[in-house]
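Shown next, in structure tokens, is the structure this report addresses.
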Amino acid sequence: MKKFLLLAGVACLLSVNAQAEVNQYVSGKVSYDFNKISVKSADFKSEVSHAKLNKALFGTHIAYGVQAGYVRGEIELNNSRDIKRNYVSDENIKFDHFRLYKHSVMANAYFDYLTCTPWTPYVGAGIGSSYLKADFGSEAKSVYNLAWQVMAGLTYDVNAHWTIDAGYRYADLGRIRKNTGKEVSKLTARDHEILLGVRYTF
């Protein structure tokens with residue numbers, strides 16, 4: 001029985017690969033984001049303070065890609081709602097208000113585990129650029145960073161064109177470093193996300 005299933009799986013992959021066509025697609029997703037934002041500050045006395053500004057918000061993701069057999073590549077635009085705090089006071093770190101804008105553009109590669117059924121598990125990874133702008137109350141700073149992400153999920157083919165996609169994404173969007181002369185602060189932005197979306201293949 002095990003040999004039969006193994007041979008059936010190999011035959012499935014060979015069949016799909018032999019008939020592989022390059023197809024274009026677009027996708028849209030919504031996500032529930034757990035934003036892990038940490039601020040580390042050190043003053044001229046070398047006293048180090050930490051603050052965590054974690055917050056859960058919703059985000060949106062749109063992508064254009066191509067697929068050939070069990071391999072996909074795409075360009076993805078990720079948007080998250082601004083993280084806002086009216087007042088921050090934690091371990092000597094104080095802001096009258098705080099706001100963080102963050103967006104990213106990623107080039108992603110996916111590997112689909114084709115099962116010859118409508119259900120397809122996948123894993124993927126991406127690299128690109130993120131834009132972070134932090135408003136610390138008295139001043140603001142923005143940077144472009146090298147960003148990366150990893151993904152995993154499961155898709156269901158409704159028909160030849162429409163696919164439902166549910167997955168998880170971890171993204172490291174980089175850091176903002178701020179030097180006021182009296183202290184040096186470093187903000188780190190990372191995301192854990194649950195995503196649900198649809199894909200349309202032309």
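To be explicit about the labels: the chains of the structure tokens are called A, B, and onward in the order shown, and within each one the residues are counted from 1, while ligands get numbers from 1 in the order they are shown.
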At a cut-off of 8 Å, using only C-alpha atoms, what residues contact A:Tyr32? Leave out same-chain residues fewer than 3 positions from it and give the result as a count of residues only.
7
Near stretch 126-142 of chain A, within 10 Å and counting only C-alpha atoms, which residues show up once chain neighbours fewer than 4 positions away are dropped, as a CSV table (one decimal) with N, CA and C atoms, in the first residue's frame?
chain,number,residue,atom,x,y,z
A,73,GLY,N,6.4,32.4,-8.7
A,73,GLY,CA,7.2,33.6,-8.3
A,73,GLY,C,6.3,34.8,-8.4
A,74,GLU,N,6.4,35.8,-7.5
A,74,GLU,CA,5.5,37.0,-7.6
A,74,GLU,C,6.1,38.2,-7.0
A,75,ILE,N,5.5,39.3,-7.3
A,75,ILE,CA,5.8,40.6,-6.7
A,75,ILE,C,4.6,41.0,-5.8
A,76,GLU,N,4.9,41.3,-4.5
A,76,GLU,CA,3.8,41.5,-3.6
A,76,GLU,C,3.9,42.9,-2.9
A,77,LEU,N,2.8,43.6,-2.7
A,77,LEU,CA,2.8,44.8,-2.0
A,77,LEU,C,2.0,44.6,-0.7
A,78,ASN,N,2.6,44.9,0.4
A,78,ASN,CA,2.0,44.7,1.7
A,78,ASN,C,1.8,46.0,2.4
A,82,ASP,N,-1.6,51.9,10.5
A,82,ASP,CA,-0.6,52.6,11.3
A,82,ASP,C,-0.8,52.1,12.8
A,83,ILE,N,0.4,52.0,13.4
A,83,ILE,CA,0.3,51.6,14.9
A,83,ILE,C,0.4,53.0,15.6
A,84,LYS,N,-0.6,53.2,16.5
A,84,LYS,CA,-0.8,54.5,17.2
A,84,LYS,C,-0.8,54.3,18.7
A,85,ARG,N,-0.1,55.1,19.4
A,85,ARG,CA,-0.2,55.2,20.9
A,85,ARG,C,-0.3,56.6,21.3
A,86,ASN,N,-1.3,57.0,22.1
A,86,ASN,CA,-1.4,58.4,22.6
A,86,ASN,C,-0.3,58.8,23.5
A,87,TYR,N,0.1,57.8,24.3
A,87,TYR,CA,1.2,58.1,25.3
A,87,TYR,C,1.9,56.8,25.6
A,88,VAL,N,3.3,56.9,25.6
A,88,VAL,CA,4.1,55.8,25.9
A,88,VAL,C,5.0,56.1,27.1
A,94,LYS,N,9.8,57.5,27.2
A,94,LYS,CA,8.5,58.3,27.2
A,94,LYS,C,8.3,59.1,25.9
A,95,PHE,N,7.1,58.9,25.3
A,95,PHE,CA,6.7,59.7,24.1
A,95,PHE,C,5.4,60.3,24.4
A,96,ASP,N,5.2,61.6,24.0
A,96,ASP,CA,3.9,62.2,24.1
A,96,ASP,C,2.9,61.5,23.3
A,97,HIS,N,3.3,61.0,22.1
A,97,HIS,CA,2.5,60.2,21.3
A,97,HIS,C,3.4,59.4,20.4
A,98,PHE,N,3.0,58.3,19.8
A,98,PHE,CA,3.8,57.4,19.0
A,98,PHE,C,2.9,56.9,17.8
A,99,ARG,N,3.6,56.9,16.6
A,99,ARG,CA,2.9,56.4,15.4
A,99,ARG,C,3.9,55.8,14.5
A,100,LEU,N,3.6,54.6,14.0
A,100,LEU,CA,4.5,53.9,13.1
A,100,LEU,C,3.8,53.6,11.8
A,101,TYR,N,4.3,54.0,10.7
A,101,TYR,CA,3.8,53.6,9.4
A,101,TYR,C,4.8,52.6,8.8
A,102,LYS,N,4.2,51.5,8.2
A,102,LYS,CA,5.1,50.5,7.6
A,102,LYS,C,4.4,49.8,6.4
A,103,HIS,N,5.2,49.8,5.4
A,103,HIS,CA,4.8,49.1,4.1
A,103,HIS,C,6.0,48.4,3.5
A,104,SER,N,5.7,47.4,2.7
A,104,SER,CA,6.8,46.7,2.1
A,104,SER,C,6.5,46.2,0.7
A,105,VAL,N,7.5,46.0,-0.2
A,105,VAL,CA,7.4,45.4,-1.5
A,105,VAL,C,8.3,44.2,-1.5
A,106,MET,N,7.8,43.0,-1.8
A,106,MET,CA,8.6,41.8,-1.7
A,106,MET,C,8.6,41.0,-3.0
A,107,ALA,N,9.7,40.4,-3.3
A,107,ALA,CA,9.8,39.4,-4.4
A,107,ALA,C,9.8,38.0,-3.8
A,108,ASN,N,8.7,37.2,-4.0
A,108,ASN,CA,8.5,36.0,-3.4
A,108,ASN,C,8.7,34.8,-4.3
A,109,ALA,N,9.1,33.7,-3.7
A,109,ALA,CA,9.2,32.4,-4.4
A,109,ALA,C,8.5,31.3,-3.6
A,110,TYR,N,7.6,30.5,-4.2
A,110,TYR,CA,6.9,29.5,-3.6
A,110,TYR,C,7.1,28.1,-4.2
A,146,LEU,N,16.2,46.8,4.0
A,146,LEU,CA,16.2,45.4,3.4
A,146,LEU,C,15.3,44.6,4.3
A,147,ALA,N,14.2,43.9,3.7
A,147,ALA,CA,13.3,43.2,4.5
A,147,ALA,C,13.2,41.7,3.9
A,148,TRP,N,12.8,40.8,4.8
A,148,TRP,CA,12.6,39.4,4.3
A,148,TRP,C,11.4,38.8,5.0
A,149,GLN,N,10.9,37.7,4.5
A,149,GLN,CA,9.8,37.0,5.0
A,149,GLN,C,9.8,35.5,4.7
A,150,VAL,N,9.0,34.7,5.4
A,150,VAL,CA,8.8,33.3,5.1
A,150,VAL,C,7.3,33.1,5.3
A,151,MET,N,6.8,32.1,4.5
A,151,MET,CA,5.4,31.9,4.4
A,151,MET,C,5.1,30.4,4.3
A,171,ALA,N,7.5,38.2,9.0
A,171,ALA,CA,8.2,39.2,8.2
A,171,ALA,C,9.1,40.0,9.2
A,172,ASP,N,10.4,40.3,8.8
A,172,ASP,CA,11.3,41.1,9.5
A,172,ASP,C,11.5,42.4,8.6
A,173,LEU,N,10.9,43.5,9.1
A,173,LEU,CA,10.9,44.7,8.3
A,173,LEU,C,12.1,45.7,8.6
A,174,GLY,N,13.0,45.3,9.5
A,174,GLY,CA,14.1,46.1,9.7
A,174,GLY,C,14.0,47.0,10.9
A,175,ARG,N,14.8,48.0,11.0
A,175,ARG,CA,15.0,48.9,12.1
A,175,ARG,C,15.1,50.4,11.8
A,176,ILE,N,14.7,51.2,12.8
A,176,ILE,CA,15.0,52.6,12.7
A,176,ILE,C,15.9,53.0,13.8
A,177,ARG,N,17.0,53.7,13.5
A,177,ARG,CA,17.9,54.1,14.5
A,177,ARG,C,17.9,55.7,14.7
A,178,LYS,N,17.7,56.2,15.9
A,178,LYS,CA,17.6,57.6,16.1
A,178,LYS,C,18.6,58.0,17.2
A,180,THR,N,19.8,61.4,19.3
A,180,THR,CA,19.4,62.8,19.6
A,180,THR,C,20.6,63.5,20.2
A,187,LEU,N,14.4,51.1,17.0
A,187,LEU,CA,13.1,50.5,16.9
A,187,LEU,C,13.2,49.3,16.0
A,188,THR,N,12.7,48.2,16.4
A,188,THR,CA,12.7,47.0,15.5
A,188,THR,C,11.2,46.6,15.2
A,189,ALA,N,11.0,46.3,13.9
A,189,ALA,CA,9.6,45.9,13.5
A,189,ALA,C,9.6,44.5,12.9
Separation of atom CA of A:Thr60 from atom CA of A:Ser27, in Å and rounded to one decimal
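Value for the atom CA of A:Thr60-atom CA of A:Ser27 distance: 10.8 Å.
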A:Leu154 environment, 7 Å, only C-alpha atoms, sequence neighbours closer than 6 positions dropped, as a ChimeraX atom specification:
/A:119-122,165-167
Take the residues that were just selected and, keeping N, CA, C and O atoms, output them as a short mmCIF file (atom, residue, chain, number, x, y, z; two decimals), in the first residue's frame.
data_model
loop_
_atom_site.label_atom_id
_atom_site.label_comp_id
_atom_site.auth_asym_id
_atom_site.auth_seq_id
_atom_site.Cartn_x
_atom_site.Cartn_y
_atom_site.Cartn_z
N TRP A 119 -6.57 20.39 -3.03
CA TRP A 119 -5.84 20.92 -1.89
C TRP A 119 -4.34 20.92 -2.18
O TRP A 119 -3.79 19.90 -2.61
N THR A 120 -3.68 22.07 -1.95
CA THR A 120 -2.24 22.19 -2.22
C THR A 120 -1.53 22.92 -1.08
O THR A 120 -1.70 24.13 -0.92
N PRO A 121 -0.74 22.22 -0.26
CA PRO A 121 0.10 22.90 0.74
C PRO A 121 1.27 23.61 0.03
O PRO A 121 1.70 23.19 -1.05
N TYR A 122 1.79 24.67 0.66
CA TYR A 122 2.91 25.37 0.05
C TYR A 122 3.81 25.99 1.13
O TYR A 122 3.40 26.20 2.27
N ASP A 165 -6.90 30.83 -0.58
CA ASP A 165 -5.58 30.70 0.04
C ASP A 165 -5.65 31.09 1.52
O ASP A 165 -6.13 32.17 1.86
N ALA A 166 -5.19 30.20 2.38
CA ALA A 166 -5.07 30.50 3.81
C ALA A 166 -3.64 30.19 4.24
O ALA A 166 -3.10 29.13 3.90
N GLY A 167 -3.01 31.13 4.98
CA GLY A 167 -1.61 30.91 5.31
C GLY A 167 -1.12 31.73 6.48
O GLY A 167 -1.88 32.46 7.14
#
re atom CA of A:Lys55 and atom CA of A:Asn145: distance 21.1 Å
Q) Which residues, written as a list of chain:residue names, have at least one atom at most 6 Å from A:Tyr156, with only C-alpha atoms counted and residues fewer than 2 positions away on the same chain left out? A) A:Pro118, A:Trp119, A:Thr163, A:Ile164
Could you go through stretch 27-178 of chain A and tell me which residues DSSP, when run on the backbone, assigns to strand (DSSP E), listing them as a PyMOL selection string?
chain A and resi 27-43+48-52+55-68+71-80+83-85+88-90+93-95+98-112+119-135+140-157+162-178
Shell of 6 Å around A:Val184, only C-alpha atoms, local chain residues under 3 positions omitted, as a PyMOL selection string: chain A and resi 41-42+178-179
Given the selection you just returned, output its residues as a file containing C-alpha atoms, formatted as an mmCIF file, in the first residue's frame.
data_model
loop_
_atom_site.group_PDB
_atom_site.id
_atom_site.type_symbol
_atom_site.label_atom_id
_atom_site.label_comp_id
_atom_site.auth_asym_id
_atom_site.auth_seq_id
_atom_site.Cartn_x
_atom_site.Cartn_y
_atom_site.Cartn_z
ATOM 1 C CA SER A 41 17.176 53.265 24.200
ATOM 2 C CA ALA A 42 20.588 54.012 25.754
ATOM 3 C CA LYS A 178 17.603 57.601 16.120
ATOM 4 C CA ASN A 179 20.434 59.606 17.721
#
Find the residue from A:Arg199, A:Lys186, A:Arg169, A:Lys52 that sits nearest to A:Ala125; use only C-alpha atoms when measuring.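 Among the listed residues, the smallest separation from A:Ala125 belongs to A:Arg169.
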**OP:** For atom CA of A:Arg190 and atom CA of A:Tyr170, determine how far apart the two atoms are, in Å to one decimal place.
**Re:**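 Pair atom CA of A:Arg190 / atom CA of A:Tyr170 returns 7.5 Å.
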Nearest-residue call for A:Gly197, choices A:Val22, A:Val30, A:Val158, A:Val66, using only C-alpha atoms: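 Closest to A:Gly197, using only C-alpha atoms: A:Val30.
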